[in-house]
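Structure file structure-v4.txt (compact mmCIF, C-alpha atoms) is printed below.
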# COMPACT_ATOMS: atom_id res chain seq x y z
CA MET N 1 128.55 168.21 45.95
CA GLY N 2 131.90 166.76 44.93
CA ALA N 3 134.25 169.69 45.40
CA GLY N 4 137.58 169.24 43.72
CA THR N 5 140.14 171.17 41.74
CA THR N 6 137.43 173.07 39.86
CA GLY N 7 135.79 174.22 43.07
CA VAL N 8 132.58 172.35 42.17
CA PHE N 9 133.19 168.92 40.62
CA ALA N 10 136.37 166.89 40.90
CA ASP N 11 135.82 165.41 37.44
CA ARG N 12 133.26 164.63 34.76
CA ALA N 13 132.00 161.59 36.69
CA ALA N 14 131.12 163.85 39.64
CA ALA N 15 129.21 166.19 37.30
CA ILE N 16 127.27 163.24 35.90
CA ALA N 17 126.49 161.98 39.41
CA TYR N 18 125.22 165.46 40.34
CA ALA N 19 122.92 165.49 37.29
CA GLU N 20 121.55 162.07 38.19
CA ARG N 21 120.82 163.21 41.79
CA TRP N 22 119.16 166.34 40.39
CA ALA N 23 116.86 164.24 38.15
CA GLU N 24 116.10 161.84 41.03
CA GLY N 25 115.05 164.80 43.18
CA TRP N 26 112.64 165.95 40.48
CA ASN N 27 111.33 162.43 39.96
CA ARG N 28 110.54 162.22 43.70
CA ARG N 29 109.10 165.76 43.52
CA ASP N 30 111.36 166.56 46.48
CA LEU N 31 111.44 170.34 46.32
CA ASP N 32 113.67 170.66 49.40
CA ALA N 33 116.32 168.40 47.86
CA ILE N 34 116.16 170.29 44.55
CA LEU N 35 116.36 173.71 46.20
CA GLY N 36 119.37 172.54 48.21
CA HIS N 37 121.46 172.91 45.04
CA PHE N 38 120.69 176.64 44.73
CA ASP N 39 122.20 179.75 46.29
CA ASP N 40 119.86 182.18 48.07
CA SER N 41 120.57 184.79 45.35
CA ILE N 42 119.69 182.49 42.44
CA GLU N 43 118.43 184.00 39.18
CA PHE N 44 116.51 181.41 37.19
CA THR N 45 114.97 181.90 33.75
CA SER N 46 112.29 179.65 32.32
CA PRO N 47 109.66 180.16 29.64
CA LYS N 48 107.23 178.37 31.96
CA ALA N 49 107.83 180.86 34.81
CA LEU N 50 105.97 183.60 32.95
CA ALA N 51 102.75 181.57 32.96
CA ALA N 52 103.20 180.41 36.56
CA VAL N 53 104.37 183.57 38.34
CA GLY N 54 104.15 186.39 35.78
CA VAL N 55 107.88 186.86 35.11
CA PRO N 56 110.31 184.85 32.95
CA THR N 57 113.17 185.25 35.45
CA VAL N 58 112.70 184.59 39.14
CA ARG N 59 115.18 186.08 41.58
CA GLY N 60 115.97 184.57 44.95
CA LYS N 61 115.53 181.10 46.38
CA LEU N 62 112.16 181.91 47.95
CA ALA N 63 110.76 183.12 44.63
CA LEU N 64 112.18 180.03 42.91
CA ALA N 65 110.51 177.81 45.50
CA ASP N 66 107.19 179.60 44.96
CA TYR N 67 107.46 179.18 41.18
CA TRP N 68 108.26 175.48 41.41
CA ARG N 69 105.49 174.83 43.98
CA ILE N 70 102.96 176.40 41.63
CA ALA N 71 104.35 174.50 38.63
CA LEU N 72 104.37 171.16 40.48
CA SER N 73 100.78 171.68 41.68
CA ARG N 74 99.71 171.59 38.01
CA ILE N 75 101.55 168.35 37.24
CA GLN N 76 100.09 164.90 37.90
CA SER N 77 103.00 162.83 36.53
CA LEU N 78 106.64 163.74 36.08
CA ARG N 79 109.72 161.80 34.98
CA PHE N 80 113.16 163.13 34.03
CA VAL N 81 115.85 160.94 32.45
CA VAL N 82 119.32 162.44 32.00
CA HIS N 83 120.42 162.10 28.39
CA ARG N 84 123.72 164.00 28.40
CA VAL N 85 125.83 166.13 30.73
CA ILE N 86 128.22 168.87 29.64
CA TRP N 87 130.57 170.32 32.27
CA ASP N 88 132.80 173.34 31.67
CA PRO N 89 135.22 173.69 34.61
CA ALA N 90 136.58 176.99 33.26
CA THR N 91 133.21 178.75 33.53
CA LEU N 92 131.71 176.51 36.27
CA GLU N 93 128.71 175.81 34.01
CA LEU N 94 126.84 172.54 33.78
CA ALA N 95 124.32 171.66 31.08
CA ILE N 96 121.95 168.80 31.83
CA ILE N 97 120.15 167.59 28.72
CA TYR N 98 117.26 165.38 29.71
CA ASP N 99 114.13 163.73 28.42
CA ARG N 100 110.96 164.83 30.19
CA ASP N 101 107.62 163.15 30.54
CA VAL N 102 105.18 165.61 32.07
CA ASN N 103 101.55 164.56 32.27
CA GLY N 104 102.18 162.08 29.46
CA VAL N 105 103.78 164.63 27.11
CA ARG N 106 107.38 163.86 26.18
CA ASP N 107 110.05 166.27 25.06
CA ARG N 108 113.69 167.12 25.65
CA ALA N 109 115.00 169.98 27.76
CA ALA N 110 118.33 171.50 28.71
CA GLU N 111 119.02 172.97 32.12
CA ILE N 112 122.05 175.27 32.14
CA LEU N 113 123.41 175.91 35.62
CA ALA N 114 126.20 178.31 36.63
CA PHE N 115 127.88 177.68 39.98
CA GLY N 116 129.23 180.32 42.33
CA PRO N 117 132.17 180.16 44.74
CA SER N 118 130.01 178.42 47.36
CA GLY N 119 129.50 175.46 45.01
CA LEU N 120 125.79 176.30 44.72
CA VAL N 121 123.93 177.35 41.58
CA VAL N 122 123.74 181.14 41.25
CA ARG N 123 122.21 181.33 37.76
CA GLY N 124 120.10 178.92 35.78
CA GLU N 125 118.12 178.71 32.59
CA VAL N 126 115.95 175.99 31.15
CA LEU N 127 115.25 175.49 27.46
CA TYR N 128 112.55 173.20 26.08
CA GLY N 129 112.51 171.43 22.75
CA VAL N 130 110.84 168.59 20.89
Encoded form (structure tokens):
Amino acid sequence: MGAGTTGVFADRAAAIAYAERWAEGWNRRDLDAILGHFDDSIEFTSPKALAAVGVPTVRGKLALADYWRIALSRIQSLRFVVHRVIWDPATLELAIIYDRDVNGVRDRAAEILAFGPSGLVVRGEVLYGV
């Protein structure tokens, strides 16, 4: 993961590399690789979760895996391209702003990830735009 003085990323370059690996995992649809970034006690909020699993916030890695499996089963084509990365070492929060192409529909999204002491994501939220 690139542990350093911040406990998560040694520097901005490491945060950017993390974001690129994250996008590559999604582009491969490699759920195991994506889930490897998350703590077992993850709380993840997404407006798309409500439609997929009936709640806007999923709690726990198993519930997150179930949500993403359902979501991915509805997607024929998927491509994420990282546009910008914002890393705050004081709060251990990373924002990944990325362009999405899902089933031919393009938009921009922001994934906001908060890291715990283990270096894994303990809280996340995704926001979708135009």
Around (116.9, 164.6, 29.4) in the file's own coordinates, what residues are found within 12 Å if you use only C-alpha atoms, given back as a short mmCIF file (atom, residue, chain, number, x, y, z; two decimals) with C-alpha atoms, keeping the file's coordinate frame?
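Dumped to result_25.cif:
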data_model
loop_
_atom_site.label_atom_id
_atom_site.label_comp_id
_atom_site.auth_asym_id
_atom_site.auth_seq_id
_atom_site.Cartn_x
_atom_site.Cartn_y
_atom_site.Cartn_z
CA ALA N 19 122.92 165.49 37.29
CA GLU N 20 121.55 162.07 38.19
CA TRP N 22 119.16 166.34 40.39
CA ALA N 23 116.86 164.24 38.15
CA GLU N 24 116.10 161.84 41.03
CA TRP N 26 112.64 165.95 40.48
CA ARG N 79 109.72 161.80 34.98
CA PHE N 80 113.16 163.13 34.03
CA VAL N 81 115.85 160.94 32.45
CA VAL N 82 119.32 162.44 32.00
CA HIS N 83 120.42 162.10 28.39
CA ARG N 84 123.72 164.00 28.40
CA VAL N 85 125.83 166.13 30.73
CA ALA N 95 124.32 171.66 31.08
CA ILE N 96 121.95 168.80 31.83
CA ILE N 97 120.15 167.59 28.72
CA TYR N 98 117.26 165.38 29.71
CA ASP N 99 114.13 163.73 28.42
CA ARG N 100 110.96 164.83 30.19
CA ASP N 101 107.62 163.15 30.54
CA ARG N 106 107.38 163.86 26.18
CA ASP N 107 110.05 166.27 25.06
CA ARG N 108 113.69 167.12 25.65
CA ALA N 109 115.00 169.98 27.76
CA ALA N 110 118.33 171.50 28.71
CA GLU N 111 119.02 172.97 32.12
CA VAL N 126 115.95 175.99 31.15
CA LEU N 127 115.25 175.49 27.46
CA TYR N 128 112.55 173.20 26.08
CA GLY N 129 112.51 171.43 22.75
CA VAL N 130 110.84 168.59 20.89
#
Would you please work out which residue, of N:Ile42, N:Leu78, N:Val8, N:Ala63, is nearest to Thr91 in chain N when using all atoms listed in the file? N:Val8
Around (103.0, 169.3, 47.3) in the file's frame, which residues reach within 10 Å when counting all atoms listed in the file? Return as a PyMOL selection string? chain N and resi 29-31+69-70+72-73
Name the closest residue to Glu93 in chain N among the candidates N:Leu113, N:Ala52, N:Ile75, N:Val122; distances are taken between atoms, counting all atoms listed in the file.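 So, comparing all the options, the nearest one is N:Leu113.
Residue neighbourhood of range 45-49 of chain N, excluding near-sequence residues (fewer than 6 positions): N:Val55, N:Pro56, N:Thr57, N:Val58, N:Tyr67, N:Gly124, N:Glu125, N:Val126, N:Leu127, at 8 Å, using only C-alpha atoms.
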Pairwise distance for CA of Gly119 in chain N and CA of Asp66 in chain N, rounded to one decimal in Å: 22.7 Å
Computed gap from CA of Glu43 in chain N to CA of Leu64 in chain N is 8.3 Å
Leaving out Asp32 in chain N and any residue of its chain fewer than 4 positions from it, which residues lie within 9 Å of it when counting all atoms listed in the file, given as a PyMOL selection string? chain N and resi 25+36+65
Taking all atoms listed in the file into account, which of N:Ala15, N:Leu35, N:Ile86, N:Leu50 comes nearest Val121 in chain N?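 The closest residue to Val121 in chain N is N:Leu35.
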Between CA of Ala71 in chain N and CA of Asn103 in chain N - distance in Å to one decimal: 12.1 Å
Of the residues N:Asp88, N:Ser41, N:Lys61, N:Val102, which is the one nearest to Gly116 in chain N, using all atoms listed in the file? N:Ser41
Using only C-alpha atoms, which of N:Leu94, N:Ile34, N:Tyr18, N:Asp39 sits nearest Ser118 in chain N?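 Comparing N:Leu94, N:Ile34, N:Tyr18, N:Asp39 against Ser118 in chain N, the winner is N:Asp39.
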Which of these, N:Gly104, N:Arg123, N:Ser77, N:Leu62, has the shortest distance to Asn27 in chain N once you count all atoms listed in the file?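 That would be N:Ser77, the residue with the smallest distance to Asn27 in chain N.
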